[in-house]
Structure formats: C-alpha cells, structure tokens
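A.B. asks: For reference, this is protein01.cif, and it has mmCIF, C-alpha atoms.
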data_structure
loop_
_atom_site.label_atom_id
_atom_site.label_comp_id
_atom_site.auth_asym_id
_atom_site.auth_seq_id
_atom_site.Cartn_x
_atom_site.Cartn_y
_atom_site.Cartn_z
CA MET A 16 46.32 47.80 -17.58
CA SER A 17 47.43 44.65 -15.80
CA ALA A 18 49.95 42.05 -16.86
CA MET A 19 50.58 38.39 -16.18
CA LYS A 20 54.09 37.05 -16.49
CA GLY A 21 55.34 33.53 -16.87
CA PRO A 22 58.17 31.61 -18.55
CA GLY A 23 58.41 33.20 -21.98
CA LEU A 24 54.92 34.71 -21.67
CA ARG A 25 53.66 38.18 -20.95
CA LEU A 26 49.92 38.69 -21.19
CA SER A 27 48.51 42.21 -20.93
CA LEU A 28 44.83 42.75 -20.24
CA PRO A 29 43.61 46.18 -21.36
CA LEU A 30 40.88 47.87 -19.34
CA SER A 31 38.57 47.86 -22.37
CA ALA A 32 38.85 44.05 -22.68
CA LEU A 33 38.26 43.57 -18.95
CA VAL A 34 35.17 45.80 -18.99
CA ALA A 35 33.83 44.09 -22.13
CA GLY A 36 34.19 40.73 -20.38
CA PHE A 37 32.43 42.05 -17.28
CA VAL A 38 29.58 43.54 -19.32
CA ALA A 39 29.17 40.26 -21.22
CA VAL A 40 28.84 38.33 -17.95
CA LEU A 41 26.52 40.95 -16.45
CA VAL A 42 24.24 40.87 -19.49
CA GLY A 43 24.37 37.08 -19.72
CA PHE A 44 23.31 36.54 -16.13
CA THR A 45 20.78 39.32 -15.74
CA SER A 46 18.97 38.47 -18.97
CA SER A 47 18.09 34.90 -18.05
CA VAL A 48 19.26 33.71 -14.61
CA VAL A 49 15.68 33.86 -13.31
CA ILE A 50 14.63 31.40 -16.04
CA VAL A 51 17.41 29.03 -14.96
CA PHE A 52 16.14 29.06 -11.38
CA GLN A 53 12.60 28.47 -12.65
CA ALA A 54 13.84 25.50 -14.67
CA ALA A 55 15.54 24.02 -11.61
CA ALA A 56 12.37 24.54 -9.59
CA ALA A 57 10.33 22.71 -12.26
CA PHE A 58 12.23 19.53 -11.39
CA GLY A 59 11.70 20.09 -7.66
CA ALA A 60 15.23 21.31 -6.97
CA SER A 61 16.11 22.21 -3.40
CA PRO A 62 17.85 25.56 -2.72
CA ALA A 63 21.17 23.68 -2.53
CA GLN A 64 20.53 22.01 -5.90
CA ALA A 65 19.52 25.33 -7.50
CA THR A 66 22.78 26.88 -6.28
CA SER A 67 24.62 23.85 -7.66
CA TRP A 68 23.12 24.60 -11.08
CA ILE A 69 24.72 28.07 -10.97
CA TRP A 70 27.99 26.49 -9.83
CA ALA A 71 27.99 23.99 -12.71
CA LEU A 72 26.90 26.49 -15.39
CA GLY A 73 29.25 29.23 -14.21
CA LEU A 74 32.21 26.85 -14.05
CA GLY A 75 31.33 25.29 -17.41
CA MET A 76 30.95 28.62 -19.20
CA GLY A 77 34.06 30.00 -17.56
CA LEU A 78 36.40 27.11 -18.27
CA THR A 79 35.24 26.61 -21.86
CA SER A 80 35.35 30.35 -22.65
CA LEU A 81 38.79 30.79 -21.12
CA GLY A 82 40.22 27.58 -22.54
CA LEU A 83 38.86 27.91 -26.08
CA SER A 84 39.72 31.63 -26.36
CA TRP A 85 43.24 30.99 -25.08
CA HIS A 86 43.74 28.01 -27.38
CA TYR A 87 42.51 29.61 -30.60
CA ARG A 88 43.52 33.20 -29.75
CA MET A 89 40.06 34.22 -30.94
CA PRO A 90 37.04 35.34 -28.88
CA VAL A 91 35.04 32.19 -28.12
CA LEU A 92 32.39 32.81 -25.49
CA THR A 93 30.00 30.12 -24.31
CA ALA A 94 26.69 30.42 -22.47
CA TRP A 95 23.93 28.35 -20.98
CA SER A 96 21.04 27.57 -23.28
CA THR A 97 18.45 30.26 -22.47
CA PRO A 98 15.72 28.85 -24.75
CA GLY A 99 16.63 25.47 -23.32
CA ALA A 100 15.96 26.74 -19.80
CA ALA A 101 12.63 28.18 -20.94
CA LEU A 102 11.76 24.79 -22.42
CA LEU A 103 12.64 23.03 -19.16
CA VAL A 104 10.29 25.27 -17.18
CA THR A 105 7.32 23.63 -18.91
CA ALA A 106 8.78 20.24 -19.86
CA GLY A 107 10.14 19.58 -16.38
CA ALA A 108 6.82 19.48 -14.55
CA GLY A 109 6.49 16.17 -12.73
CA VAL A 110 9.88 14.83 -13.91
CA PRO A 111 12.22 13.69 -11.10
CA MET A 112 15.60 15.40 -10.95
CA ALA A 113 17.43 12.09 -11.55
CA GLN A 114 15.59 11.53 -14.84
CA ALA A 115 16.20 15.15 -15.80
CA VAL A 116 19.94 14.65 -15.31
CA GLY A 117 19.79 11.55 -17.49
CA ALA A 118 18.06 13.60 -20.20
CA PHE A 119 20.70 16.35 -19.88
CA MET A 120 23.42 13.75 -20.46
CA VAL A 121 21.66 12.38 -23.56
CA CYS A 122 21.37 15.92 -24.92
CA ALA A 123 25.07 16.50 -24.19
CA LEU A 124 25.99 13.35 -26.10
CA LEU A 125 23.95 14.53 -29.10
CA ILE A 126 25.71 17.94 -29.04
CA THR A 127 29.09 16.19 -28.85
CA LEU A 128 28.21 14.01 -31.83
CA ALA A 129 26.97 17.03 -33.81
CA GLY A 130 30.41 18.55 -33.36
CA ALA A 131 32.55 15.44 -33.68
CA THR A 132 30.90 14.24 -36.89
CA GLY A 133 31.14 17.67 -38.51
CA TRP A 134 27.52 17.75 -39.69
CA PHE A 135 26.73 21.01 -37.91
CA ALA A 136 29.76 22.70 -39.50
CA ARG A 137 28.57 21.54 -42.92
CA VAL A 138 25.17 23.12 -42.29
CA MET A 139 26.80 26.41 -41.27
CA ASP A 140 29.02 26.42 -44.37
CA ARG A 141 25.91 26.53 -46.55
CA ILE A 142 24.57 29.76 -45.02
CA PRO A 143 25.63 32.81 -47.14
CA GLN A 144 27.68 35.49 -45.38
CA ALA A 145 24.97 38.13 -45.97
CA LEU A 146 22.37 36.03 -44.19
CA ALA A 147 24.75 35.26 -41.32
CA ALA A 148 25.43 38.98 -40.85
CA ALA A 149 21.70 39.79 -40.99
CA LEU A 150 21.02 37.02 -38.47
CA LEU A 151 23.55 38.52 -36.07
CA ALA A 152 22.12 42.03 -36.46
CA GLY A 153 18.61 40.69 -35.86
CA VAL A 154 19.62 38.81 -32.72
CA LEU A 155 21.33 41.90 -31.28
CA ALA A 156 18.73 44.48 -32.35
CA ARG A 157 16.44 43.67 -29.43
CA PHE A 158 19.05 44.92 -26.99
CA ALA A 159 19.38 48.24 -28.79
CA PHE A 160 15.57 48.59 -28.87
CA ASP A 161 15.39 47.85 -25.15
CA ALA A 162 18.16 50.33 -24.36
CA PHE A 163 16.34 53.26 -25.94
CA ALA A 164 12.95 52.07 -24.67
CA SER A 165 14.39 52.30 -21.14
CA LEU A 166 14.27 56.08 -21.49
CA ARG A 167 10.56 55.83 -20.66
CA THR A 168 11.19 54.48 -17.15
CA GLN A 169 14.66 55.86 -16.29
CA PHE A 170 15.12 58.91 -18.49
CA THR A 171 17.89 60.63 -16.52
CA LEU A 172 19.96 57.47 -16.03
CA VAL A 173 19.74 56.24 -19.64
CA ALA A 174 20.06 59.70 -21.20
CA LEU A 175 23.26 60.42 -19.27
CA MET A 176 24.63 57.00 -20.25
CA PHE A 177 23.86 57.69 -23.91
CA ALA A 178 25.53 61.09 -23.63
CA ALA A 179 28.58 59.35 -22.13
CA TYR A 180 28.58 56.93 -25.07
CA LEU A 181 28.46 59.71 -27.66
CA LEU A 182 31.17 61.69 -25.89
CA GLY A 183 33.28 58.58 -25.44
CA ARG A 184 33.04 57.60 -29.10
CA ARG A 185 34.25 61.08 -29.97
CA LEU A 186 37.06 61.53 -27.43
CA TRP A 187 38.20 58.03 -26.38
CA PRO A 188 36.49 55.41 -28.56
CA ARG A 189 38.42 52.50 -27.04
CA TYR A 190 37.01 53.28 -23.60
CA ALA A 191 33.51 54.41 -24.57
CA VAL A 192 31.76 51.40 -23.00
CA PRO A 193 33.75 51.55 -19.71
CA GLY A 194 32.73 55.20 -19.57
CA VAL A 195 29.08 54.32 -20.10
CA LEU A 196 29.25 51.71 -17.32
CA ALA A 197 31.01 54.10 -14.94
CA VAL A 198 28.47 56.87 -15.54
CA GLY A 199 25.59 54.44 -15.14
CA VAL A 200 26.87 53.10 -11.82
CA ALA A 201 27.61 56.62 -10.53
CA VAL A 202 24.16 57.96 -11.48
CA ALA A 203 22.41 54.88 -10.08
CA ALA A 204 24.35 55.25 -6.81
CA LEU A 205 23.47 58.96 -6.54
CA GLN A 206 19.81 58.09 -7.14
CA GLY A 207 19.92 55.36 -4.49
CA GLN A 208 19.25 52.58 -7.00
CA LEU A 209 22.23 50.34 -6.15
CA HIS A 210 21.07 47.77 -3.59
CA LEU A 211 24.26 46.04 -2.49
CA GLY A 212 22.74 45.18 0.88
CA GLY A 213 20.91 42.24 -0.69
CA ILE A 214 24.11 40.23 -1.13
CA ASP A 215 24.52 37.46 1.46
CA TRP A 216 28.28 37.03 1.57
CA ALA A 217 27.99 34.60 4.49
CA GLN A 218 26.38 32.07 2.11
CA ALA A 219 28.41 33.10 -0.92
CA TRP A 220 30.35 29.93 -1.71
CA ALA A 221 28.44 27.45 -3.85
CA VAL A 222 28.63 23.74 -3.03
CA PRO A 223 28.13 21.25 -5.90
CA VAL A 224 25.37 18.71 -5.39
CA PHE A 225 25.69 15.45 -7.34
CA THR A 226 22.54 13.76 -8.64
CA ALA A 227 22.92 10.24 -10.01
CA PRO A 228 21.31 10.03 -13.46
CA GLN A 229 18.38 7.83 -14.36
CA PHE A 230 17.60 7.22 -18.01
CA SER A 231 14.04 6.90 -19.27
CA LEU A 232 12.50 6.89 -22.73
CA ALA A 233 9.91 9.49 -21.71
CA ALA A 234 12.55 11.96 -20.50
CA THR A 235 14.67 11.34 -23.59
CA ILE A 236 11.76 12.13 -25.92
CA GLY A 237 10.19 14.87 -23.84
CA ILE A 238 13.33 16.66 -22.61
CA ALA A 239 16.60 15.54 -24.25
CA LEU A 240 15.55 15.80 -27.91
CA PRO A 241 13.71 19.17 -27.63
CA LEU A 242 16.57 20.57 -25.55
CA PHE A 243 19.08 19.48 -28.21
CA ILE A 244 17.05 20.99 -31.05
CA VAL A 245 16.49 24.40 -29.45
CA THR A 246 20.11 24.59 -28.27
CA MET A 247 21.51 23.93 -31.74
CA ALA A 248 18.97 26.02 -33.67
CA SER A 249 18.48 28.96 -31.31
CA GLN A 250 21.92 29.18 -29.69
CA ASN A 251 24.75 27.49 -31.60
CA LEU A 252 23.53 28.64 -35.03
CA PRO A 253 23.57 32.38 -34.17
CA GLY A 254 26.74 31.81 -32.12
CA VAL A 255 28.65 30.62 -35.17
CA ALA A 256 27.05 33.37 -37.27
CA ALA A 257 28.31 35.97 -34.78
CA GLN A 258 31.87 34.68 -35.04
CA ARG A 259 31.85 34.65 -38.82
CA ALA A 260 30.21 38.06 -39.10
CA ALA A 261 33.00 39.45 -36.90
CA GLY A 262 35.62 37.88 -39.17
CA TYR A 263 36.73 35.01 -36.91
CA ALA A 264 37.14 31.59 -38.55
CA VAL A 265 36.82 29.58 -35.35
CA PRO A 266 36.77 25.82 -36.07
CA VAL A 267 33.13 24.87 -35.55
CA SER A 268 33.31 21.13 -34.96
CA PRO A 269 35.82 20.93 -32.08
CA VAL A 270 34.24 23.90 -30.31
CA ILE A 271 30.73 22.40 -30.46
CA ALA A 272 32.11 19.04 -29.33
CA THR A 273 33.85 20.74 -26.40
CA THR A 274 30.61 22.35 -25.20
CA GLY A 275 28.92 18.96 -25.46
CA LEU A 276 31.60 17.21 -23.41
CA ALA A 277 31.57 19.96 -20.78
CA SER A 278 27.78 19.60 -20.53
CA LEU A 279 28.14 15.85 -20.17
CA VAL A 280 30.56 16.18 -17.25
CA LEU A 281 28.57 18.89 -15.46
CA ALA A 282 25.05 17.54 -16.10
CA PRO A 283 24.85 15.63 -12.76
CA PHE A 284 25.48 18.94 -10.96
CA GLY A 285 22.94 20.97 -12.96
CA GLY A 286 24.86 21.91 -16.12
CA TYR A 287 21.92 21.13 -18.36
CA ALA A 288 23.33 22.50 -21.68
CA LEU A 289 26.24 24.71 -22.74
CA ASN A 290 26.55 26.29 -26.18
CA LEU A 291 28.16 29.12 -28.11
CA ALA A 292 27.05 32.61 -27.10
CA ALA A 293 25.90 35.16 -29.67
CA ILE A 294 24.70 38.30 -27.90
CA THR A 295 27.31 38.35 -25.13
CA ALA A 296 29.99 37.14 -27.55
CA ALA A 297 29.30 40.14 -29.78
CA ILE A 298 30.22 42.40 -26.86
CA CYS A 299 33.65 40.74 -26.74
CA MET A 300 34.12 40.81 -30.52
CA GLY A 301 33.45 44.50 -31.14
CA ARG A 302 35.84 47.46 -31.39
CA GLU A 303 34.91 48.46 -27.86
CA ALA A 304 36.68 45.36 -26.54
CA HIS A 305 39.95 46.18 -28.37
CA GLU A 306 40.96 48.14 -31.43
CA ASP A 307 43.03 45.19 -32.65
CA PRO A 308 40.80 42.23 -33.66
CA ALA A 309 43.68 39.86 -32.88
CA GLN A 310 43.56 40.97 -29.22
CA ARG A 311 39.81 40.71 -28.63
CA TRP A 312 40.09 37.14 -27.44
CA LYS A 313 41.29 38.61 -24.15
CA ALA A 314 37.82 40.02 -23.53
CA ALA A 315 36.26 36.56 -23.89
CA ALA A 316 39.01 35.10 -21.70
CA ALA A 317 38.32 37.76 -19.07
CA ALA A 318 34.63 36.88 -19.21
CA GLY A 319 35.61 33.25 -18.66
CA VAL A 320 37.52 34.12 -15.49
CA ILE A 321 34.58 36.18 -14.21
CA TYR A 322 32.17 33.35 -15.01
CA ILE A 323 34.31 30.98 -12.94
CA ALA A 324 34.26 33.42 -10.02
CA VAL A 325 30.48 33.83 -10.32
CA GLY A 326 30.04 30.06 -10.40
CA LEU A 327 32.13 29.59 -7.26
CA LEU A 328 30.24 32.42 -5.56
CA GLY A 329 26.88 31.12 -6.74
CA GLY A 330 25.29 31.75 -3.35
CA ALA A 331 25.68 35.52 -3.82
CA VAL A 332 24.69 35.69 -7.49
CA VAL A 333 21.05 36.61 -7.04
CA GLY A 334 21.79 39.45 -4.63
CA LEU A 335 24.61 40.82 -6.78
CA ILE A 336 22.52 40.83 -9.94
CA ALA A 337 19.59 42.44 -8.17
CA ALA A 338 21.88 45.30 -7.09
CA PHE A 339 21.91 46.81 -10.60
CA PRO A 340 18.84 48.59 -12.02
CA LYS A 341 17.42 46.74 -15.00
CA GLU A 342 17.65 49.85 -17.17
CA LEU A 343 21.36 50.22 -16.46
CA VAL A 344 22.07 46.72 -17.73
CA LEU A 345 19.88 47.19 -20.81
CA ALA A 346 21.55 50.51 -21.66
CA VAL A 347 25.11 49.19 -21.29
CA ALA A 348 24.33 46.17 -23.46
CA GLY A 349 22.44 48.12 -26.11
CA PHE A 350 25.02 50.88 -26.50
CA ALA A 351 27.92 48.39 -26.47
CA LEU A 352 26.33 46.50 -29.37
CA LEU A 353 25.53 49.48 -31.63
CA GLY A 354 28.76 49.15 -33.61
CA THR A 355 28.32 45.42 -34.11
CA ILE A 356 24.70 45.86 -35.25
CA GLY A 357 25.75 48.54 -37.73
CA GLY A 358 28.58 46.39 -39.08
CA GLY A 359 26.26 43.41 -39.46
CA LEU A 360 23.69 45.43 -41.38
CA ALA A 361 26.37 46.94 -43.62
CA THR A 362 27.67 43.47 -44.53
CA ALA A 363 24.15 42.09 -44.97
CA MET A 364 23.06 44.83 -47.36
CA LYS A 365 26.28 45.11 -49.37
CA ASP A 366 25.42 42.52 -52.04
CA GLU A 367 22.37 43.72 -53.98
CA GLY A 368 21.60 40.19 -55.15
CA GLN A 369 21.20 38.98 -51.54
CA ARG A 370 19.88 42.20 -50.00
CA GLU A 371 16.21 41.24 -49.91
CA ALA A 372 16.93 37.81 -48.43
CA ALA A 373 19.21 39.42 -45.82
CA LEU A 374 16.52 41.96 -44.96
CA VAL A 375 13.94 39.21 -44.46
CA THR A 376 16.41 37.32 -42.26
CA PHE A 377 16.99 40.44 -40.16
CA LEU A 378 13.30 41.28 -39.76
CA VAL A 379 12.17 37.75 -38.84
CA THR A 380 15.02 37.37 -36.37
CA ALA A 381 14.43 40.79 -34.81
CA SER A 382 10.71 40.05 -34.50
CA GLY A 383 11.31 37.50 -31.75
CA LEU A 384 9.14 34.91 -33.50
CA THR A 385 8.94 31.54 -31.73
CA LEU A 386 7.25 28.51 -33.29
CA TRP A 387 7.05 25.03 -31.74
CA GLY A 388 9.57 26.04 -29.11
CA VAL A 389 12.24 27.07 -31.64
CA GLY A 390 13.40 30.68 -31.52
CA ALA A 391 13.58 33.47 -34.06
CA ALA A 392 17.21 32.93 -35.05
CA PHE A 393 16.37 29.62 -36.71
CA TRP A 394 13.25 30.94 -38.44
CA GLY A 395 15.17 33.99 -39.65
CA VAL A 396 17.61 31.75 -41.48
CA VAL A 397 14.77 29.61 -42.87
CA ALA A 398 12.93 32.69 -44.16
CA GLY A 399 16.12 34.15 -45.64
CA VAL A 400 17.06 30.92 -47.42
CA LEU A 401 13.52 30.57 -48.82
CA THR A 402 13.64 34.18 -50.07
CA LEU A 403 17.05 33.66 -51.67
CA THR A 404 15.91 30.41 -53.28
CA ALA A 405 12.80 32.09 -54.70
CA GLN A 406 14.89 34.94 -56.11
CA ARG A 407 17.32 32.60 -57.84
CA TRP A 408 14.51 30.42 -59.19
CA ARG A 409 12.82 33.50 -60.63
CA LEU A 410 16.08 34.64 -62.24
CA ARG A 411 16.66 31.25 -63.81
CA GLY A 412 13.09 31.13 -65.02
#
What does the file become when written as structure tokens?
C.D. replies:
Amino acid sequence: MSAMKGPGLRLSLPLSALVAGFVAVLVGFTSSVVIVFQAAAAFGASPAQATSWIWALGLGMGLTSLGLSWHYRMPVLTAWSTPGAALLVTAGAGVPMAQAVGAFMVCALLITLAGATGWFARVMDRIPQALAAALLAGVLARFAFDAFASLRTQFTLVALMFAAYLLGRRLWPRYAVPGVLAVGVAVAALQGQLHLGGIDWAQAWAVPVFTAPQFSLAATIGIALPLFIVTMASQNLPGVAAQRAAGYAVPVSPVIATTGLASLVLAPFGGYALNLAAITAAICMGREAHEDPAQRWKAAAAAGVIYIAVGLLGGAVVGLIAAFPKELVLAVAGFALLGTIGGGLATAMKDEGQREAALVTFLVTASGLTLWGVGAAFWGVVAGVLTLTAQRWRLRG
C-alpha cells in the first residue's frame, strides 16, 4: 500500500484499487485501440498524427477520470467512444483531417449542451432501476462469455487463472483479481507468450500534432451528428446505468458537460470524442477494487493516472499492448466482472413486475445487436421500455 501526503491530506492507495485501475486501462486499450488507429487512417493521418490521437485521448481520459473521481469521491471513469471510432472508419473515407477536426468540435459542442441543459439527465431519470441494472449486466456479459470461450485456444492459461480466481475469492477476496493477473502473467511468461521486445522505448514519447479545424456542412451531417448520437446512446447511456446500478449517484449533467468540453479542447489533436465508460468503469466499481464502496473512487483515479502515462508514452502503446496474449486480457476482464454481472442480474430480477422487461433488456443488450450504427445498449433499453409499457397497458386493460 502506498500513501501520498500533503497539507492536511493523506491518501492511501490499496493494491486492489491500483490493480483494478490497471486492469481497466488494459482492457480499455486492448479492446479497441486498433479501431482508433483505423479511424485515424481513414482520414489519411500520418504516423505522427495517429500517435497524437493516442496522446489526446489518453490525456483526456486520464485528466477527466482523475479530476472527476477526486472531485466527487466516487468512481467516474471516462473512455473514448469505441462505436464512434468504428463509425469514423467508414464515415471518414475521403474526408480531409481538417474537416474531420471541425466535425469533432461540433460533436463536442453537442455533448456539452446535452450535459449543460440537463436533457440527458432527464432521459436517464426515466429509466427504471431494474432496466438500468439489466442493461449493465448485458453490456458486461460479453466479457464473461469471451473469458470462458478463451479456454478453447489457451486452456492451460485460462484454466489456471480461473483456479486462481476461485481460490482468491475463498482465501483473500479483496485481492482475487490481482492474483488472477499475477498468475496470468507468470503462466504467459513461462509459456513464452509475453513479447516485451516489441516495445520501442526510443520512440516512446508522444508529440501532439495540431490540426486547424475546417467546418463544412457535409462533415457536420455525415460525421458530427452520427458521432454524437452513437456516443450518447451507446456509451454515455450505459455509463450512467453502470454508476447507478453500482449505487453511485454521480451528477449526470456536469460530468457529461465536462467530457464534452474536454473533447472540444483536444479535438484538434485527435481527441474525437470522450464519454463515460461502462465496462471498464464496472471494474473500478466492484468489490474487487475495494471492500468499502466509499473508497472505490481511488481505483478510477488510479486508472486516470495510468491513462495519462499511456497518453504521454503513446509511441510505445502498440508494442506494450501487443505484449499480452489476448486470452489473458479477456480472462482478467471477464473474471473481474463476474461479481458486477451477478449483482446487476440480482437487482434486475428482484421486482417481479419488471422482471420480464429487465430480462428482455439484458438479452437484447447481450446479443450485440447493432442497427443503423447504434449499438445494443440503446436497443436493449428501447426493447425493455416497450416490454414494460406493454405489460402495464395489459394490466390496465
């Protein structure tokens, strides 16, 4: 355990919180960093500009996660918009980088307004707790599925990690996930699956590259508006649901506005869209991060510090991420989220009157359904609300 001291302040950082923060960053980057590079390439980004994107996104996620978690003393973890990056891969073809930056800034302004006006918070207040919990469980379920499915390709590695999880939950539940990570790294090293030689430390430091924005109607319609919609529906909606399902009443409006402002400042450097995290945030909000819910914000703050370091060392990110076997990352994430998934399902199914609607929400979300570029989280809520409305209409009839 480490400690930071200052005038009238002593901040301890438990090992479990530090490991939870590291796992959140590891999962966040490995799950979608390739898509971010593809999005940058779609706009014709040079290698220096692509590295600048990692610098901007890492710094943006780090500063907002650290600052918001510290300010509210609750775990608030931000992320880049993964569905947004996937959208940019196709929408960016033939669009100059300057016009793309202009579109990113328009999207950032829309996110800021969504937070500042309070309309997004009003939408979230109308979603029943059972549906929010089912939404969270559905978003996270894919990681648990992938963890166990990894037994097919890396049986020894994943099986030993699962054994470490079961033993850890029995003997030292607070440090179960650090134990899983340690066993996974040790087994991967013994099997020769850690490839640290791919890290180019000589080119580690990232250098920001500024691109002056150009605003066009075509880029606003074709990039800014779709990017705003998928970021709010597929990222911020489950992000708020994750916080509420974990019992944290984080003020929605100022947090959303903060991510919008951060995106606005960093857009010329490649920070295309920042939003609330759901999957990685759940890692920082579970019992594995800290037994005391009031102390779990330290895990999100630790993740923020690591994100800042990763952003500054953007030149080495690809090599560092490639050093870990894919199955190791999937297993750590999946086992770390088991408790949160179980808690979400328990809350979702508790009220018999909302159980069917919650189940539909969970199944649609877990299915991975994507329609018109909008992800499963949004459609899960839509399906759950429609089911609940039909039930209540039938009862009244």
A.B. asks: Got a sec to check which residues sit within 12 Å of (9.6, 30.6, -28.5), counting only C-alpha atoms, and write them as a ChimeraX atom specification?
C.D. replies: /A:97-102,245,248-249,380,382-394
A.B. asks: Quick one: of A:Leu343, A:Leu125, A:Ala178, A:Ala71, who's nearest to Ala204 in chain A, counting all atoms listed in the file?
C.D. replies: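 Once distances to Ala204 in chain A are computed over all atoms listed in the file, the minimum belongs to A:Leu343.
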A.B. asks: If we count only C-alpha atoms and set the cut-off at 12 Å, which residues sit around Arg259 in chain A, ignoring sequence neighbours fewer than 5 positions away in its own chain? Please answer as an MDAnalysis selection string.
C.D. replies: chainID A and resid 89:91 139:140 142:151 252:254 264:267 293 296:297 300 359 362
A.B. asks: Mind writing the picked residues with C-alpha atoms as a tab-separated table (two decimals), in the frame of the given file?
C.D. replies:
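This is the output file again.tsv:
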chain	number	residue	atom	x	y	z
A	89	MET	CA	40.06	34.22	-30.94
A	90	PRO	CA	37.04	35.34	-28.88
A	91	VAL	CA	35.04	32.19	-28.12
A	139	MET	CA	26.80	26.41	-41.27
A	140	ASP	CA	29.02	26.42	-44.37
A	142	ILE	CA	24.57	29.76	-45.02
A	143	PRO	CA	25.63	32.81	-47.14
A	144	GLN	CA	27.68	35.49	-45.38
A	145	ALA	CA	24.97	38.13	-45.97
A	146	LEU	CA	22.37	36.03	-44.19
A	147	ALA	CA	24.75	35.26	-41.32
A	148	ALA	CA	25.43	38.98	-40.85
A	149	ALA	CA	21.70	39.79	-40.99
A	150	LEU	CA	21.02	37.02	-38.47
A	151	LEU	CA	23.55	38.52	-36.07
A	252	LEU	CA	23.53	28.64	-35.03
A	253	PRO	CA	23.57	32.38	-34.17
A	254	GLY	CA	26.74	31.81	-32.12
A	264	ALA	CA	37.14	31.59	-38.55
A	265	VAL	CA	36.82	29.58	-35.35
A	266	PRO	CA	36.77	25.82	-36.07
A	267	VAL	CA	33.13	24.87	-35.55
A	293	ALA	CA	25.90	35.16	-29.67
A	296	ALA	CA	29.99	37.14	-27.55
A	297	ALA	CA	29.30	40.14	-29.78
A	300	MET	CA	34.12	40.81	-30.52
A	359	GLY	CA	26.26	43.41	-39.46
A	362	THR	CA	27.67	43.47	-44.53
A.B. asks: For Gly77 in chain A, which of A:Leu328, A:Ala316, A:Val173, A:Ala65 is the closest residue, counting only C-alpha atoms?
C.D. replies: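 Smallest distance to Gly77 in chain A is found for A:Ala316.
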A.B. asks: Given the file shown, enumerate the residues that the PyMOL selection byres ((chain A and resi 177) around 10) captures and present them as a ChimeraX atom specification.
C.D. replies: /A:162-163,171-176,178-183,195,198-199,346-347,349-350
A.B. asks: Which residues, written as a short mmCIF file (atom, residue, chain, number, x, y, z; two decimals) with C-alpha atoms, keeping the file's coordinate frame, have at least one atom at most 8 Å from Val34 in chain A, with all atoms listed in the file counted and residues fewer than 5 positions away on the same chain left out?
C.D. replies:
data_model
loop_
_atom_site.label_atom_id
_atom_site.label_comp_id
_atom_site.auth_asym_id
_atom_site.auth_seq_id
_atom_site.Cartn_x
_atom_site.Cartn_y
_atom_site.Cartn_z
CA VAL A 192 31.76 51.40 -23.00
CA PRO A 193 33.75 51.55 -19.71
CA ALA A 304 36.68 45.36 -26.54
CA ALA A 314 37.82 40.02 -23.53
#
A.B. asks: Using the chain letters and numbering of this document, enumerate as an mmCIF file with C-alpha atoms, in the frame of the given file the residues selected by the PyMOL selection byres ((chain A and resi 282) around 10).
C.D. replies:
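The resulting result-v9.cif:
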data_model
loop_
_atom_site.group_PDB
_atom_site.id
_atom_site.type_symbol
_atom_site.label_atom_id
_atom_site.label_comp_id
_atom_site.auth_asym_id
_atom_site.auth_seq_id
_atom_site.Cartn_x
_atom_site.Cartn_y
_atom_site.Cartn_z
ATOM 1 C CA TRP A 68 23.120 24.600 -11.080
ATOM 2 C CA ALA A 71 27.990 23.990 -12.710
ATOM 3 C CA LEU A 72 26.900 26.490 -15.390
ATOM 4 C CA ALA A 115 16.200 15.150 -15.800
ATOM 5 C CA VAL A 116 19.940 14.650 -15.310
ATOM 6 C CA GLY A 117 19.790 11.550 -17.490
ATOM 7 C CA ALA A 118 18.060 13.600 -20.200
ATOM 8 C CA PHE A 119 20.700 16.350 -19.880
ATOM 9 C CA MET A 120 23.420 13.750 -20.460
ATOM 10 C CA VAL A 121 21.660 12.380 -23.560
ATOM 11 C CA CYS A 122 21.370 15.920 -24.920
ATOM 12 C CA ALA A 123 25.070 16.500 -24.190
ATOM 13 C CA PHE A 225 25.690 15.450 -7.340
ATOM 14 C CA THR A 226 22.540 13.760 -8.640
ATOM 15 C CA ALA A 227 22.920 10.240 -10.010
ATOM 16 C CA PRO A 228 21.310 10.030 -13.460
ATOM 17 C CA LEU A 276 31.600 17.210 -23.410
ATOM 18 C CA ALA A 277 31.570 19.960 -20.780
ATOM 19 C CA SER A 278 27.780 19.600 -20.530
ATOM 20 C CA LEU A 279 28.140 15.850 -20.170
ATOM 21 C CA VAL A 280 30.560 16.180 -17.250
ATOM 22 C CA LEU A 281 28.570 18.890 -15.460
ATOM 23 C CA PRO A 283 24.850 15.630 -12.760
ATOM 24 C CA PHE A 284 25.480 18.940 -10.960
ATOM 25 C CA GLY A 285 22.940 20.970 -12.960
ATOM 26 C CA GLY A 286 24.860 21.910 -16.120
ATOM 27 C CA TYR A 287 21.920 21.130 -18.360
ATOM 28 C CA ALA A 288 23.330 22.500 -21.680
ATOM 29 C CA LEU A 289 26.240 24.710 -22.740
#
A.B. asks: From the options A:Ala108, A:Ile356, A:Glu342, A:Ser231, which residue's atoms come nearest to Leu166 in chain A, counting all atoms listed in the file?
C.D. replies: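 Counting all atoms listed in the file, the residue closest to Leu166 in chain A is A:Glu342.
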A.B. asks: For Thr66 in chain A, which residue out of A:Val51, A:Ala233, A:Leu374, A:Ala221 is the nearest one, using all atoms listed in the file?
C.D. replies: A:Ala221
A.B. asks: What do you get, as a count of residues only, if you spell out every residue that the PyMOL selection byres ((chain A and resi 305) around 10) selects here?
C.D. replies: 24
A.B. asks: Pick the closest to Ile271 in chain A from A:Ala201, A:Ile126, A:Ala381, A:Leu327: which is it, counting only C-alpha atoms?
C.D. replies: A:Ile126
A.B. asks: Using all atoms listed in the file, can you tell me which of A:Leu345, A:Ala260, A:Val154, A:Leu186 comes closest to Gly395 in chain A?
C.D. replies: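 When distances to Gly395 in chain A are compared using all atoms listed in the file, the smallest one comes from A:Val154.
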A.B. asks: As an exercise, work out the distance from CA of Leu196 in chain A to CA of Leu353 in chain A in Å and give it to one decimal place.
C.D. replies: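 Rounded to one decimal, the two atoms are 15.0 Å apart.
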A.B. asks: Could you jot down the CA of Ala351 in chain A to CA of Ile50 in chain A separation for me, Å, one decimal place?
C.D. replies: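 The value is 24.0 Å.
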A.B. asks: Quick one: distance from CA of Phe37 in chain A to CA of Pro223 in chain A in Å, one decimal?
C.D. replies: 24.1 Å
